[in-house]
$ cat start-v5.txt   # compact mmCIF, N, CA and C atoms
# COMPACT_ATOMS: atom_id res chain seq x y z
N MET A 1 -9.45 -3.09 13.49
CA MET A 1 -9.98 -2.44 12.31
C MET A 1 -9.85 -3.39 11.12
N GLY A 2 -10.93 -3.55 10.40
CA GLY A 2 -10.96 -4.47 9.27
C GLY A 2 -10.01 -4.09 8.16
N VAL A 3 -9.87 -2.78 7.93
CA VAL A 3 -8.97 -2.32 6.86
C VAL A 3 -7.54 -2.74 7.18
N ALA A 4 -7.14 -2.62 8.42
CA ALA A 4 -5.78 -3.00 8.81
C ALA A 4 -5.55 -4.50 8.60
N THR A 5 -6.56 -5.30 8.90
CA THR A 5 -6.44 -6.74 8.71
C THR A 5 -6.29 -7.08 7.22
N VAL A 6 -7.10 -6.45 6.39
CA VAL A 6 -7.02 -6.69 4.95
C VAL A 6 -5.66 -6.25 4.41
N LEU A 7 -5.18 -5.08 4.86
CA LEU A 7 -3.87 -4.60 4.40
C LEU A 7 -2.75 -5.54 4.86
N THR A 8 -2.88 -6.10 6.04
CA THR A 8 -1.89 -7.06 6.52
C THR A 8 -1.85 -8.29 5.62
N LEU A 9 -3.02 -8.81 5.29
CA LEU A 9 -3.08 -10.00 4.42
C LEU A 9 -2.52 -9.70 3.03
N ILE A 10 -2.91 -8.56 2.46
CA ILE A 10 -2.38 -8.19 1.14
C ILE A 10 -0.87 -7.99 1.23
N GLY A 11 -0.42 -7.35 2.31
CA GLY A 11 1.01 -7.11 2.49
C GLY A 11 1.80 -8.40 2.58
N LEU A 12 1.27 -9.38 3.31
CA LEU A 12 1.96 -10.67 3.43
C LEU A 12 2.05 -11.38 2.08
N VAL A 13 0.95 -11.33 1.32
CA VAL A 13 0.95 -11.96 -0.01
C VAL A 13 1.95 -11.27 -0.93
N LEU A 14 1.93 -9.92 -0.94
CA LEU A 14 2.87 -9.18 -1.78
C LEU A 14 4.32 -9.45 -1.36
N LEU A 15 4.56 -9.48 -0.07
CA LEU A 15 5.91 -9.73 0.42
C LEU A 15 6.40 -11.12 0.01
N ALA A 16 5.56 -12.13 0.23
CA ALA A 16 5.95 -13.50 -0.13
C ALA A 16 6.16 -13.63 -1.64
N GLY A 17 5.22 -13.12 -2.41
CA GLY A 17 5.37 -13.17 -3.86
C GLY A 17 6.54 -12.35 -4.35
N GLY A 18 6.78 -11.22 -3.70
CA GLY A 18 7.90 -10.37 -4.06
C GLY A 18 9.24 -11.02 -3.79
N ILE A 19 9.34 -11.71 -2.67
CA ILE A 19 10.58 -12.43 -2.36
C ILE A 19 10.82 -13.52 -3.40
N TRP A 20 9.76 -14.23 -3.76
CA TRP A 20 9.88 -15.26 -4.79
C TRP A 20 10.33 -14.64 -6.11
N LEU A 21 9.74 -13.51 -6.47
CA LEU A 21 10.11 -12.83 -7.71
C LEU A 21 11.56 -12.37 -7.69
N ILE A 22 12.03 -11.90 -6.54
CA ILE A 22 13.43 -11.48 -6.41
C ILE A 22 14.36 -12.67 -6.65
N THR A 23 14.01 -13.83 -6.09
CA THR A 23 14.86 -15.01 -6.29
C THR A 23 14.92 -15.43 -7.76
N LEU A 24 13.89 -15.05 -8.52
CA LEU A 24 13.87 -15.36 -9.95
C LEU A 24 14.51 -14.26 -10.78
N GLY A 25 15.02 -13.23 -10.11
CA GLY A 25 15.67 -12.12 -10.81
C GLY A 25 14.72 -11.03 -11.24
N GLY A 26 13.53 -10.99 -10.66
CA GLY A 26 12.52 -10.01 -11.05
C GLY A 26 12.55 -8.75 -10.22
N SER A 27 11.48 -8.00 -10.32
CA SER A 27 11.35 -6.69 -9.67
C SER A 27 11.29 -6.80 -8.15
N TRP A 28 11.90 -5.83 -7.49
CA TRP A 28 11.86 -5.74 -6.04
C TRP A 28 10.61 -5.01 -5.57
N TYR A 29 9.87 -4.42 -6.47
CA TYR A 29 8.73 -3.58 -6.10
C TYR A 29 7.75 -4.30 -5.18
N TYR A 30 7.38 -5.52 -5.53
CA TYR A 30 6.31 -6.21 -4.80
C TYR A 30 6.71 -6.51 -3.35
N ALA A 31 7.95 -6.88 -3.13
CA ALA A 31 8.41 -7.12 -1.76
C ALA A 31 8.42 -5.81 -0.97
N ILE A 32 8.89 -4.74 -1.61
CA ILE A 32 8.92 -3.44 -0.94
C ILE A 32 7.51 -2.95 -0.66
N ALA A 33 6.61 -3.11 -1.63
CA ALA A 33 5.21 -2.70 -1.42
C ALA A 33 4.57 -3.53 -0.31
N GLY A 34 4.89 -4.82 -0.24
CA GLY A 34 4.36 -5.66 0.82
C GLY A 34 4.81 -5.18 2.19
N ILE A 35 6.09 -4.84 2.31
CA ILE A 35 6.60 -4.29 3.57
C ILE A 35 5.89 -2.98 3.88
N GLY A 36 5.69 -2.16 2.85
CA GLY A 36 4.99 -0.89 3.04
C GLY A 36 3.57 -1.08 3.55
N LEU A 37 2.87 -2.08 3.03
CA LEU A 37 1.51 -2.34 3.51
C LEU A 37 1.51 -2.84 4.95
N LEU A 38 2.49 -3.67 5.29
CA LEU A 38 2.59 -4.13 6.68
C LEU A 38 2.89 -2.96 7.62
N LEU A 39 3.76 -2.05 7.16
CA LEU A 39 4.06 -0.87 7.97
C LEU A 39 2.88 0.08 8.04
N THR A 40 2.01 0.04 7.06
CA THR A 40 0.78 0.84 7.08
C THR A 40 -0.20 0.25 8.08
N ALA A 41 -0.33 -1.06 8.08
CA ALA A 41 -1.33 -1.71 8.92
C ALA A 41 -1.03 -1.55 10.41
N TRP A 42 0.23 -1.56 10.79
CA TRP A 42 0.58 -1.51 12.21
C TRP A 42 -0.03 -0.30 12.92
N PRO A 43 0.19 0.94 12.45
CA PRO A 43 -0.45 2.06 13.14
C PRO A 43 -1.97 2.04 13.01
N LEU A 44 -2.50 1.49 11.92
CA LEU A 44 -3.96 1.43 11.78
C LEU A 44 -4.57 0.52 12.84
N PHE A 45 -3.90 -0.57 13.18
CA PHE A 45 -4.39 -1.44 14.25
C PHE A 45 -4.47 -0.67 15.58
N ARG A 46 -3.60 0.32 15.74
CA ARG A 46 -3.58 1.12 16.96
C ARG A 46 -4.40 2.40 16.81
N HIS A 47 -5.16 2.49 15.70
CA HIS A 47 -6.03 3.64 15.41
C HIS A 47 -5.26 4.94 15.30
N LEU A 48 -4.06 4.87 14.72
CA LEU A 48 -3.23 6.05 14.52
C LEU A 48 -3.31 6.49 13.06
N THR A 49 -3.45 7.79 12.86
CA THR A 49 -3.55 8.33 11.51
C THR A 49 -2.23 8.23 10.74
N GLN A 50 -1.13 7.99 11.42
CA GLN A 50 0.16 7.87 10.74
C GLN A 50 0.16 6.74 9.71
N GLY A 51 -0.70 5.76 9.90
CA GLY A 51 -0.79 4.67 8.93
C GLY A 51 -1.16 5.18 7.55
N VAL A 52 -2.01 6.20 7.51
CA VAL A 52 -2.40 6.78 6.23
C VAL A 52 -1.20 7.48 5.59
N LEU A 53 -0.40 8.14 6.40
CA LEU A 53 0.80 8.80 5.87
C LEU A 53 1.80 7.78 5.34
N VAL A 54 1.95 6.68 6.05
CA VAL A 54 2.85 5.62 5.58
C VAL A 54 2.35 5.10 4.23
N TYR A 55 1.04 4.89 4.13
CA TYR A 55 0.51 4.39 2.86
C TYR A 55 0.67 5.41 1.74
N LEU A 56 0.58 6.67 2.07
CA LEU A 56 0.79 7.70 1.05
C LEU A 56 2.19 7.58 0.45
N VAL A 57 3.18 7.27 1.28
CA VAL A 57 4.54 7.04 0.78
C VAL A 57 4.56 5.81 -0.14
N VAL A 58 3.86 4.75 0.26
CA VAL A 58 3.78 3.54 -0.58
C VAL A 58 3.13 3.89 -1.92
N TRP A 59 2.04 4.66 -1.87
CA TRP A 59 1.33 5.04 -3.10
C TRP A 59 2.22 5.88 -4.01
N LEU A 60 2.95 6.83 -3.43
CA LEU A 60 3.86 7.65 -4.23
C LEU A 60 4.98 6.80 -4.83
N GLY A 61 5.49 5.85 -4.05
CA GLY A 61 6.49 4.92 -4.58
C GLY A 61 5.94 4.10 -5.74
N THR A 62 4.69 3.69 -5.62
CA THR A 62 4.04 2.96 -6.70
C THR A 62 3.89 3.83 -7.94
N LEU A 63 3.56 5.08 -7.73
CA LEU A 63 3.43 6.04 -8.84
C LEU A 63 4.77 6.19 -9.57
N ILE A 64 5.83 6.35 -8.81
CA ILE A 64 7.17 6.49 -9.39
C ILE A 64 7.57 5.20 -10.12
N TRP A 65 7.34 4.05 -9.50
CA TRP A 65 7.67 2.77 -10.12
C TRP A 65 6.90 2.59 -11.42
N THR A 66 5.62 2.95 -11.41
CA THR A 66 4.80 2.82 -12.61
C THR A 66 5.36 3.67 -13.74
N TYR A 67 5.70 4.91 -13.44
CA TYR A 67 6.26 5.78 -14.47
C TYR A 67 7.59 5.23 -14.98
N TRP A 68 8.42 4.74 -14.07
CA TRP A 68 9.72 4.18 -14.46
C TRP A 68 9.54 2.95 -15.35
N GLU A 69 8.54 2.12 -15.02
CA GLU A 69 8.36 0.87 -15.75
C GLU A 69 7.66 1.05 -17.10
N VAL A 70 6.65 1.91 -17.18
CA VAL A 70 5.86 2.00 -18.42
C VAL A 70 5.86 3.38 -19.05
N GLY A 71 6.49 4.35 -18.41
CA GLY A 71 6.55 5.68 -18.99
C GLY A 71 5.19 6.33 -19.12
N THR A 72 4.91 6.88 -20.28
CA THR A 72 3.65 7.60 -20.47
C THR A 72 2.59 6.78 -21.20
N ASP A 73 2.74 5.47 -21.21
CA ASP A 73 1.71 4.59 -21.77
C ASP A 73 0.59 4.49 -20.73
N TRP A 74 -0.33 5.44 -20.80
CA TRP A 74 -1.32 5.60 -19.72
C TRP A 74 -2.20 4.38 -19.53
N TRP A 75 -2.48 3.63 -20.60
CA TRP A 75 -3.28 2.43 -20.42
C TRP A 75 -2.53 1.39 -19.59
N ALA A 76 -1.22 1.38 -19.67
CA ALA A 76 -0.43 0.45 -18.86
C ALA A 76 -0.42 0.86 -17.39
N TRP A 77 -0.79 2.12 -17.12
CA TRP A 77 -0.88 2.58 -15.73
C TRP A 77 -2.07 1.95 -15.01
N VAL A 78 -3.13 1.66 -15.74
CA VAL A 78 -4.38 1.22 -15.11
C VAL A 78 -4.18 0.00 -14.21
N PRO A 79 -3.61 -1.11 -14.69
CA PRO A 79 -3.49 -2.27 -13.80
C PRO A 79 -2.50 -2.06 -12.66
N ARG A 80 -1.60 -1.10 -12.81
CA ARG A 80 -0.60 -0.86 -11.77
C ARG A 80 -1.09 0.11 -10.70
N MET A 81 -2.02 0.99 -11.05
CA MET A 81 -2.40 2.06 -10.13
C MET A 81 -3.82 1.98 -9.59
N VAL A 82 -4.70 1.19 -10.20
CA VAL A 82 -6.10 1.18 -9.75
C VAL A 82 -6.22 0.66 -8.32
N ALA A 83 -5.70 -0.53 -8.03
CA ALA A 83 -5.84 -1.09 -6.68
C ALA A 83 -5.17 -0.21 -5.63
N PRO A 84 -3.93 0.27 -5.84
CA PRO A 84 -3.33 1.15 -4.84
C PRO A 84 -4.14 2.44 -4.63
N THR A 85 -4.74 2.95 -5.69
CA THR A 85 -5.53 4.18 -5.55
C THR A 85 -6.83 3.90 -4.81
N VAL A 86 -7.46 2.77 -5.06
CA VAL A 86 -8.67 2.40 -4.32
C VAL A 86 -8.34 2.28 -2.83
N ILE A 87 -7.22 1.65 -2.51
CA ILE A 87 -6.80 1.53 -1.10
C ILE A 87 -6.58 2.92 -0.51
N LEU A 88 -5.95 3.81 -1.25
CA LEU A 88 -5.72 5.17 -0.76
C LEU A 88 -7.04 5.87 -0.47
N VAL A 89 -8.01 5.75 -1.36
CA VAL A 89 -9.32 6.38 -1.14
C VAL A 89 -9.98 5.81 0.11
N ILE A 90 -9.93 4.49 0.28
CA ILE A 90 -10.52 3.86 1.47
C ILE A 90 -9.85 4.39 2.73
N LEU A 91 -8.53 4.49 2.73
CA LEU A 91 -7.82 4.99 3.91
C LEU A 91 -8.17 6.45 4.18
N LEU A 92 -8.28 7.24 3.13
CA LEU A 92 -8.66 8.64 3.32
C LEU A 92 -10.07 8.75 3.89
N LEU A 93 -10.97 7.86 3.47
CA LEU A 93 -12.32 7.86 4.03
C LEU A 93 -12.32 7.41 5.49
N CYS A 94 -11.34 6.63 5.90
CA CYS A 94 -11.24 6.17 7.29
C CYS A 94 -10.62 7.21 8.22
N LEU A 95 -10.00 8.23 7.66
CA LEU A 95 -9.30 9.23 8.49
C LEU A 95 -10.18 9.83 9.59
N PRO A 96 -11.41 10.25 9.30
CA PRO A 96 -12.22 10.81 10.40
C PRO A 96 -12.46 9.82 11.53
N MET A 97 -12.65 8.55 11.20
CA MET A 97 -12.86 7.55 12.25
C MET A 97 -11.60 7.34 13.07
N LEU A 98 -10.45 7.35 12.41
CA LEU A 98 -9.19 7.19 13.14
C LEU A 98 -8.98 8.36 14.09
N SER A 99 -9.26 9.56 13.63
CA SER A 99 -9.09 10.75 14.46
C SER A 99 -10.04 10.73 15.64
N LEU A 100 -11.30 10.35 15.42
CA LEU A 100 -12.28 10.32 16.50
C LEU A 100 -11.94 9.25 17.53
N ARG A 101 -11.55 8.08 17.07
CA ARG A 101 -11.23 7.00 18.00
C ARG A 101 -10.05 7.36 18.88
N ARG A 102 -9.10 8.09 18.34
CA ARG A 102 -7.91 8.44 19.10
C ARG A 102 -8.23 9.46 20.18
N ARG A 103 -9.20 10.34 19.92
CA ARG A 103 -9.54 11.39 20.89
C ARG A 103 -10.35 10.86 22.07
N THR A 104 -11.12 9.80 21.85
CA THR A 104 -12.00 9.32 22.93
C THR A 104 -11.33 8.30 23.80

$ encode --input "start-v5.txt" --output "structure tokens"
Amino acid sequence: MGVATVLTLIGLVLLAGGIWLITLGGSWYYAIAGIGLLLTAWPLFRHLTQGVLVYLVVWLGTLIWTYWEVGTDWWAWVPRMVAPTVILVILLLCLPMLSLRRRT
């Protein structure tokens, strides 16, 4: 599945960048999000809908991190939440295909 491949690549980049950021004393979010994307991709490669549930946890974690980092400055939410929300919508649109592939 192409979505799983893209999520794997994004996850690897986030994980590598996140580890680098941790060594510089920065936020752990990016490394954790990278691991979350890799954990999302694994079931998607196997056409399992659980990958969407794993990503939902990543998205909720991103939501909590965003609120913790910027509070109610809603314009500051945009760069932190747009890409994760687009990924969530794409995964939700893939759900029927995942369910059908698993049944056949």

$ axis_aligned_box --input "start-v5.txt" --around "region 72-78 of chain A" --padding-each-side "6 Å" --output "lines of an AutoDock Vina configuration file"
center_x = 0.3
center_y = 3.8
center_z = -18.0
size_x = 21.3
size_y = 19.6
size_z = 19.6

$ closest_residue --input "start-v5.txt" --among "A:Gly61, A:Gly26, A:Gly34, A:Gly71" --to "Ile10 (chain A)" --atoms "only N, CA and C atoms"
A:Gly34

$ residues_around --input "start-v5.txt" --residues "region 35-42 of chain A" --least-positions-apart "2" --cutoff "9 Å" --atoms "only C-alpha atoms" --output "MDAnalysis selection string"
chainID A and resid 3:12 14:15 30:33 44:48 50:55 57:58

$ atom_distance --input "start-v5.txt" --atom1 "atom C of Leu88 (chain A)" --atom2 "CA of Leu56 (chain A)"
8.2 Å

$ atom_distance --input "start-v5.txt" --atom1 "atom N of Val78 (chain A)" --atom2 "CA of Tyr29 (chain A)"
16.2 Å

$ atom_distance --input "start-v5.txt" --atom1 "atom C of Trp28 (chain A)" --atom2 "atom C of Ala16 (chain A)"
10.5 Å

$ closest_residue --input "start-v5.txt" --among "A:Thr49, A:Thr62, A:Asp73, A:Val13" --to "Pro96 (chain A)" --atoms "only C-alpha atoms"
A:Thr49

$ closest_residue --input "start-v5.txt" --among "A:Gly25, A:Trp59, A:Trp20, A:Tyr67" --to "Thr85 (chain A)" --atoms "all atoms listed in the file"
A:Trp59

$ closest_residue --input "start-v5.txt" --among "A:Gly18, A:Thr66, A:Pro43, A:Thr23" --to "Leu98 (chain A)" --atoms "only C-alpha atoms"
A:Pro43

$ decode --input "start-v5.txt" --residues "region 31-83 of chain A" --atoms "C-alpha atoms" --output "PDB file, in the first residue's frame"
ATOM      1  CA  ALA A  31      10.947  11.057  17.769  1.00  0.00           C
ATOM      2  CA  ILE A  32       7.782   9.775  19.437  1.00  0.00           C
ATOM      3  CA  ALA A  33       5.656  10.811  16.446  1.00  0.00           C
ATOM      4  CA  GLY A  34       8.126   9.081  14.120  1.00  0.00           C
ATOM      5  CA  ILE A  35       7.814   5.858  16.101  1.00  0.00           C
ATOM      6  CA  GLY A  36       4.039   6.289  16.013  1.00  0.00           C
ATOM      7  CA  LEU A  37       4.051   6.597  12.230  1.00  0.00           C
ATOM      8  CA  LEU A  38       6.218   3.492  11.895  1.00  0.00           C
ATOM      9  CA  LEU A  39       3.823   1.624  14.186  1.00  0.00           C
ATOM     10  CA  THR A  40       0.958   2.888  12.028  1.00  0.00           C
ATOM     11  CA  ALA A  41       2.556   1.725   8.794  1.00  0.00           C
ATOM     12  CA  TRP A  42       3.211  -1.847   9.931  1.00  0.00           C
ATOM     13  CA  PRO A  43      -0.452  -2.958  10.139  1.00  0.00           C
ATOM     14  CA  LEU A  44      -1.266  -0.953   7.001  1.00  0.00           C
ATOM     15  CA  PHE A  45       1.292  -2.987   5.041  1.00  0.00           C
ATOM     16  CA  ARG A  46      -0.667  -6.053   6.183  1.00  0.00           C
ATOM     17  CA  HIS A  47      -3.984  -4.379   5.205  1.00  0.00           C
ATOM     18  CA  LEU A  48      -5.156  -4.255   8.821  1.00  0.00           C
ATOM     19  CA  THR A  49      -7.477  -1.493   9.985  1.00  0.00           C
ATOM     20  CA  GLN A  50      -5.652  -1.343  13.333  1.00  0.00           C
ATOM     21  CA  GLY A  51      -3.126   0.934  11.652  1.00  0.00           C
ATOM     22  CA  VAL A  52      -5.782   3.637  11.521  1.00  0.00           C
ATOM     23  CA  LEU A  53      -6.418   3.216  15.246  1.00  0.00           C
ATOM     24  CA  VAL A  54      -2.706   3.485  15.980  1.00  0.00           C
ATOM     25  CA  TYR A  55      -2.560   6.680  13.952  1.00  0.00           C
ATOM     26  CA  LEU A  56      -5.567   8.054  15.802  1.00  0.00           C
ATOM     27  CA  VAL A  57      -3.521   7.730  19.013  1.00  0.00           C
ATOM     28  CA  VAL A  58      -0.630   9.568  17.302  1.00  0.00           C
ATOM     29  CA  TRP A  59      -3.031  12.299  16.147  1.00  0.00           C
ATOM     30  CA  LEU A  60      -4.506  12.685  19.633  1.00  0.00           C
ATOM     31  CA  GLY A  61      -0.987  12.865  21.079  1.00  0.00           C
ATOM     32  CA  THR A  62      -0.188  15.580  18.550  1.00  0.00           C
ATOM     33  CA  LEU A  63      -3.330  17.443  19.582  1.00  0.00           C
ATOM     34  CA  ILE A  64      -2.323  17.287  23.250  1.00  0.00           C
ATOM     35  CA  TRP A  65       1.275  18.313  22.470  1.00  0.00           C
ATOM     36  CA  THR A  66       0.043  21.242  20.390  1.00  0.00           C
ATOM     37  CA  TYR A  67      -2.186  22.492  23.190  1.00  0.00           C
ATOM     38  CA  TRP A  68       0.620  22.048  25.724  1.00  0.00           C
ATOM     39  CA  GLU A  69       3.107  23.905  23.526  1.00  0.00           C
ATOM     40  CA  VAL A  70       1.019  26.833  22.223  1.00  0.00           C
ATOM     41  CA  GLY A  71      -2.131  26.878  24.335  1.00  0.00           C
ATOM     42  CA  THR A  72      -5.068  28.626  22.715  1.00  0.00           C
ATOM     43  CA  ASP A  73      -3.080  30.557  20.105  1.00  0.00           C
ATOM     44  CA  TRP A  74      -5.113  28.973  17.319  1.00  0.00           C
ATOM     45  CA  TRP A  75      -2.965  30.339  14.499  1.00  0.00           C
ATOM     46  CA  ALA A  76       0.012  28.527  16.033  1.00  0.00           C
ATOM     47  CA  TRP A  77      -2.033  25.317  15.784  1.00  0.00           C
ATOM     48  CA  VAL A  78      -2.102  25.463  11.986  1.00  0.00           C
ATOM     49  CA  PRO A  79       1.497  24.404  11.230  1.00  0.00           C
ATOM     50  CA  ARG A  80       1.384  21.757  13.958  1.00  0.00           C
ATOM     51  CA  MET A  81      -1.955  20.155  13.086  1.00  0.00           C
ATOM     52  CA  VAL A  82      -2.552  20.522   9.327  1.00  0.00           C
ATOM     53  CA  ALA A  83      -0.262  17.719   8.098  1.00  0.00           C
TER      54      ALA A  83
END
